[in-house]
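Have a look at the structure below before the remarks.
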Amino acid sequence: MNGTVYKSTGSWYTVKSEEGDFYECRIKGKFRTQNIKSTNPVAVGDHVVFQLEEIGDETVAVISEIGERKNYIIRKSVKLSKQTHIIAANLDQVFLLVTLNNPPTFTAFIDRFLVTAEAYDIPVVLLFNKLDTYSDEELDEVDYLMGLYSHIGYKCIPIEAIDGKNVDKVKAMMVDKTSMFAGHSGVGKSTLVNALEPGLHLKTTEISEQHLQGQHTTTFAEMYDLSFNARIIDTPGIKGFGIVDMEQDEIGDYFPEFFELKSECKFNNCLHLDEPKCAVKEALEKDEIAWSRYRSYVQMLTGEEDNPYRER
């Protein structure tokens with residue numbers, strides 16, 4: 001039988017068959033030895049082949065094959081530094097929720113996420129949430145960030161998940177697509193899903209006052225069918241986002257504004273660091289490229305680990 005993975009708990013996988021039935025499946029052990037360095041060889045969104053097998057006195061559904069992925073979002077594993085974790089596969093788009101505080105989302109995190117999505121050819125929409133909680137000064141900073149990322153080419157939408165502001169715009173973009181919501185714990189992913197589909201009643205929690213961070217409300221990535229012909233993958237909160245398997249000379253290609261200037265650099269293998277006649281550095285000095293973006297680039301290039309609470 002053919003199906004799509006809707007939930008992964010690490011040992012069991014909920015699979016929806018082409019006929020619309022759900023099965024709790026295990027995987028054959030061989031997946032763990034096929035040079036897959038990921039902590040989860042099967043991810044939510046994967047298209048799989050599975051069979052019902054008689055094991056002892058019970059019938060068990062077993063995944064025997066994973067279909068080719070058109071794309072996926074991947075990051076370094078939190079606990080196993082040499083391994084990776086595939087968050088979700090076969091996505092049409094990702095909505096990255098950004099909050100200025102409660103919890104803070106820094107540009108270093110945004111940029112690492114965007115670079116990974118660019119590398120795997122996944123469109124990203126930035127949703128700036130909780131506008132109703134910000135001071136005038138903070139709203140000015142949101143305007144600045146929206147201008148920065150809009151100028152690069154990313155769609156930016158200001159929203160209020162609790163009050164429903166611009167939720168209809170997000171909904172319209174999701175029809176006929178598989179979308180993923182991502183961001184730190186506490187940015188409002190589950191609240192937004194509930195605003196889009198009130199009947200789901202996803203669990204939400206308050207922000208921790210002590211650390212001004214969100215608490216994990218979603219333990220595993222899970223896909224939901226929505227009533228307006230859309231699918232959403234709700235993911236656990238991501239604290240840090242380490243980039244995976246990128247050569248130094250390709251990282252700059254995933255910054256669209258850097259890539260646009262690459263041909264104007266004196267050297268075709270320019271890393272935009274200390275090379276003479278670098279078009280990216282010249283644009284930076286003219287404030288045509290944001291310093292925060294360049295700082296993120298250098299951090300990725302030098303292998304500096306992502307710290308979500310780094311300065312903007």
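Chains: A, B, ... in order of the structure tokens. Residues: from 1 per chain. Ligands: from 1, in order shown.
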Please provide the set of residues having any atom within 7 Å of region 42-55 of chain A, restricted to only C-alpha atoms, with same-chain residues fewer than 2 positions apart removed, written as a list in words.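 Residues near the query, excluding close chain neighbours: Met1, Asn2, Gly3, Thr4, Val5, Tyr6, Lys7, Ser8, Asn40, Asp57, Glu58, Thr59, Val60, Ala61, Val62, Ile63, Ser64, Glu65, Ile66, Gly67, Arg69, Ile86, Ile87, Ala88, Ala89, Asn90, Ala221, Glu222 and Met223 of chain A.
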Near Asp253 (chain A), counting only C-alpha atoms, which residues have an atom at most 9 Å away, once you skip same-chain residues fewer than 5 positions from it, shown as a PDB file with C-alpha atoms, in the first residue's frame?
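Writing the result to result_27.pdb gives the following:
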ATOM      1  CA  VAL A 115      19.539  29.630   3.900  1.00  0.00           C
ATOM      2  CA  GLU A 118      16.943  28.216  -0.191  1.00  0.00           C
ATOM      3  CA  ALA A 119      19.329  25.243  -0.412  1.00  0.00           C
ATOM      4  CA  PHE A 258      24.728  38.134  -2.391  1.00  0.00           C
ATOM      5  CA  PHE A 259      24.135  35.770  -5.309  1.00  0.00           C
ATOM      6  CA  GLU A 260      22.809  38.652  -7.393  1.00  0.00           C
ATOM      7  CA  LYS A 262      28.425  37.427  -7.302  1.00  0.00           C
TER       8      LYS A 262
END
Quick one: residues within 12 Å of Leu196 (chain A), only C-alpha atoms counted, chain neighbours fewer than 4 positions away excluded, as a PyMOL selection string? chain A and resi 160-175+189-192+200-202+224-232
Could you save the residues just selected, with N, CA and C atoms, as a compact mmCIF listing (two decimals), in the first residue's frame?
# COMPACT_ATOMS: atom_id res chain seq x y z
N GLU A 160 -1.73 38.76 13.86
CA GLU A 160 -2.05 38.59 15.28
C GLU A 160 -2.87 37.30 15.37
N ALA A 161 -2.17 36.22 15.70
CA ALA A 161 -2.81 34.90 15.67
C ALA A 161 -4.02 34.83 16.61
N ILE A 162 -3.92 35.49 17.78
CA ILE A 162 -5.01 35.42 18.76
C ILE A 162 -6.22 36.22 18.29
N ASP A 163 -5.98 37.42 17.75
CA ASP A 163 -7.08 38.29 17.33
C ASP A 163 -7.52 38.04 15.88
N GLY A 164 -6.74 37.25 15.15
CA GLY A 164 -7.13 36.90 13.79
C GLY A 164 -6.68 37.86 12.70
N LYS A 165 -5.88 38.88 13.05
CA LYS A 165 -5.46 39.84 12.04
C LYS A 165 -4.62 39.17 10.96
N ASN A 166 -5.05 39.31 9.71
CA ASN A 166 -4.38 38.79 8.52
C ASN A 166 -4.30 37.27 8.46
N VAL A 167 -5.02 36.58 9.33
CA VAL A 167 -5.06 35.12 9.26
C VAL A 167 -5.68 34.67 7.94
N ASP A 168 -6.64 35.47 7.43
CA ASP A 168 -7.26 35.13 6.15
C ASP A 168 -6.26 35.15 5.00
N LYS A 169 -5.26 36.04 5.08
CA LYS A 169 -4.23 36.09 4.04
C LYS A 169 -3.38 34.83 4.05
N VAL A 170 -3.06 34.37 5.26
CA VAL A 170 -2.29 33.13 5.39
C VAL A 170 -3.11 31.96 4.86
N LYS A 171 -4.38 31.94 5.23
CA LYS A 171 -5.27 30.85 4.80
C LYS A 171 -5.35 30.76 3.29
N ALA A 172 -5.48 31.91 2.63
CA ALA A 172 -5.59 31.92 1.17
C ALA A 172 -4.34 31.35 0.50
N MET A 173 -3.18 31.55 1.13
CA MET A 173 -1.92 31.06 0.55
C MET A 173 -1.74 29.56 0.75
N MET A 174 -2.54 28.96 1.64
CA MET A 174 -2.37 27.55 2.00
C MET A 174 -3.22 26.59 1.18
N VAL A 175 -4.23 27.10 0.49
CA VAL A 175 -5.16 26.24 -0.24
C VAL A 175 -4.43 25.39 -1.28
N LYS A 189 2.73 29.21 16.92
CA LYS A 189 2.41 28.29 15.82
C LYS A 189 1.08 27.59 16.06
N SER A 190 0.93 26.97 17.22
CA SER A 190 -0.31 26.22 17.50
C SER A 190 -1.51 27.16 17.59
N THR A 191 -1.29 28.36 18.13
CA THR A 191 -2.37 29.35 18.20
C THR A 191 -2.85 29.72 16.80
N LEU A 192 -1.90 29.86 15.87
CA LEU A 192 -2.26 30.20 14.50
C LEU A 192 -3.01 29.05 13.83
N LEU A 200 -9.52 21.97 15.60
CA LEU A 200 -8.37 21.12 15.94
C LEU A 200 -8.03 21.18 17.43
N HIS A 201 -8.23 22.34 18.04
CA HIS A 201 -7.95 22.52 19.47
C HIS A 201 -6.53 22.10 19.85
N LEU A 202 -5.53 22.56 19.10
CA LEU A 202 -4.15 22.23 19.46
C LEU A 202 -3.80 22.88 20.79
N TYR A 224 -1.77 17.83 9.58
CA TYR A 224 -3.23 17.84 9.74
C TYR A 224 -3.88 18.20 8.41
N ASP A 225 -4.97 17.52 8.08
CA ASP A 225 -5.80 17.90 6.95
C ASP A 225 -6.76 18.99 7.42
N LEU A 226 -6.80 20.10 6.70
CA LEU A 226 -7.67 21.20 7.09
C LEU A 226 -8.91 21.24 6.21
N SER A 227 -9.96 21.87 6.69
CA SER A 227 -11.26 21.83 6.02
C SER A 227 -11.28 22.61 4.71
N PHE A 228 -10.28 23.49 4.50
CA PHE A 228 -10.28 24.31 3.28
C PHE A 228 -9.28 23.77 2.24
N ASN A 229 -9.17 22.42 2.21
CA ASN A 229 -8.32 21.73 1.23
C ASN A 229 -6.86 22.16 1.35
N ALA A 230 -6.34 22.04 2.53
CA ALA A 230 -4.93 22.35 2.79
C ALA A 230 -4.40 21.38 3.83
N ARG A 231 -3.08 21.24 3.86
CA ARG A 231 -2.43 20.40 4.87
C ARG A 231 -1.39 21.26 5.58
N ILE A 232 -1.34 21.12 6.90
CA ILE A 232 -0.38 21.89 7.68
C ILE A 232 0.46 20.94 8.52
Got a sec: who's within 12 Å of Gly252 (chain A), counting only C-alpha atoms, leaving out chain neighbours fewer than 5 positions off, as a ChimeraX atom specification? /A:111-112,114-116,118-119,246-247,257-262,269-273,280,293-301
Go ahead and dump the residues you just picked, C-alpha atoms, as an mmCIF file, in the first residue's frame.
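Everything below was put into result_7.cif:
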data_model
loop_
_atom_site.group_PDB
_atom_site.id
_atom_site.type_symbol
_atom_site.label_atom_id
_atom_site.label_comp_id
_atom_site.auth_asym_id
_atom_site.auth_seq_id
_atom_site.Cartn_x
_atom_site.Cartn_y
_atom_site.Cartn_z
ATOM 1 C CA ASP A 111 18.903 33.804 8.243
ATOM 2 C CA ARG A 112 20.028 30.251 9.009
ATOM 3 C CA LEU A 114 16.189 30.929 5.161
ATOM 4 C CA VAL A 115 19.539 29.630 3.900
ATOM 5 C CA THR A 116 18.508 26.021 4.535
ATOM 6 C CA GLU A 118 16.943 28.216 -0.191
ATOM 7 C CA ALA A 119 19.329 25.243 -0.412
ATOM 8 C CA MET A 246 27.081 23.082 2.916
ATOM 9 C CA GLU A 247 30.462 23.870 1.397
ATOM 10 C CA GLU A 257 21.148 39.506 -2.491
ATOM 11 C CA PHE A 258 24.728 38.134 -2.391
ATOM 12 C CA PHE A 259 24.135 35.770 -5.309
ATOM 13 C CA GLU A 260 22.809 38.652 -7.393
ATOM 14 C CA LEU A 261 26.141 40.467 -7.035
ATOM 15 C CA LYS A 262 28.425 37.427 -7.302
ATOM 16 C CA ASN A 269 35.252 31.991 -6.106
ATOM 17 C CA CYS A 270 35.021 35.090 -3.904
ATOM 18 C CA LEU A 271 33.963 34.320 -0.323
ATOM 19 C CA HIS A 272 33.143 38.016 0.326
ATOM 20 C CA LEU A 273 35.605 38.242 3.212
ATOM 21 C CA VAL A 280 29.176 42.208 -1.834
ATOM 22 C CA ARG A 293 22.668 39.518 6.984
ATOM 23 C CA TYR A 294 26.393 39.794 6.385
ATOM 24 C CA ARG A 295 27.111 39.009 10.044
ATOM 25 C CA SER A 296 24.922 35.887 9.768
ATOM 26 C CA TYR A 297 26.798 34.871 6.628
ATOM 27 C CA VAL A 298 30.212 35.180 8.285
ATOM 28 C CA GLN A 299 29.001 33.162 11.292
ATOM 29 C CA MET A 300 27.850 30.367 8.986
ATOM 30 C CA LEU A 301 31.050 30.516 6.970
#
Which residue out of A:Ser179, A:Asn101, A:Ser11, A:Asn71 has the minimum interatomic distance to Glu141 (chain A) when only C-alpha atoms are used?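 The answer is A:Asn101, which sits nearest to Glu141 (chain A).
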Rank nothing, just name the residue among A:Met146, A:Ala108, A:Ala283, A:Val98 nearest to Val187 (chain A), using only C-alpha atoms.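 Of A:Met146, A:Ala108, A:Ala283, A:Val98, the one nearest Val187 (chain A) is A:Val98, counting only C-alpha atoms.
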Distance of CA of Ile159 (chain A) from CA of Asn129 (chain A), expressed in Å to one decimal place: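 Those two atoms sit 4.9 Å apart.
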Using DSSP on the backbone coordinates, identify all residues within region 58-171 of chain A classified as strand (DSSP E); present the result as a PyMOL selection string. chain A and resi 58-66+72-76+84-89+93-98+124-128+155-158
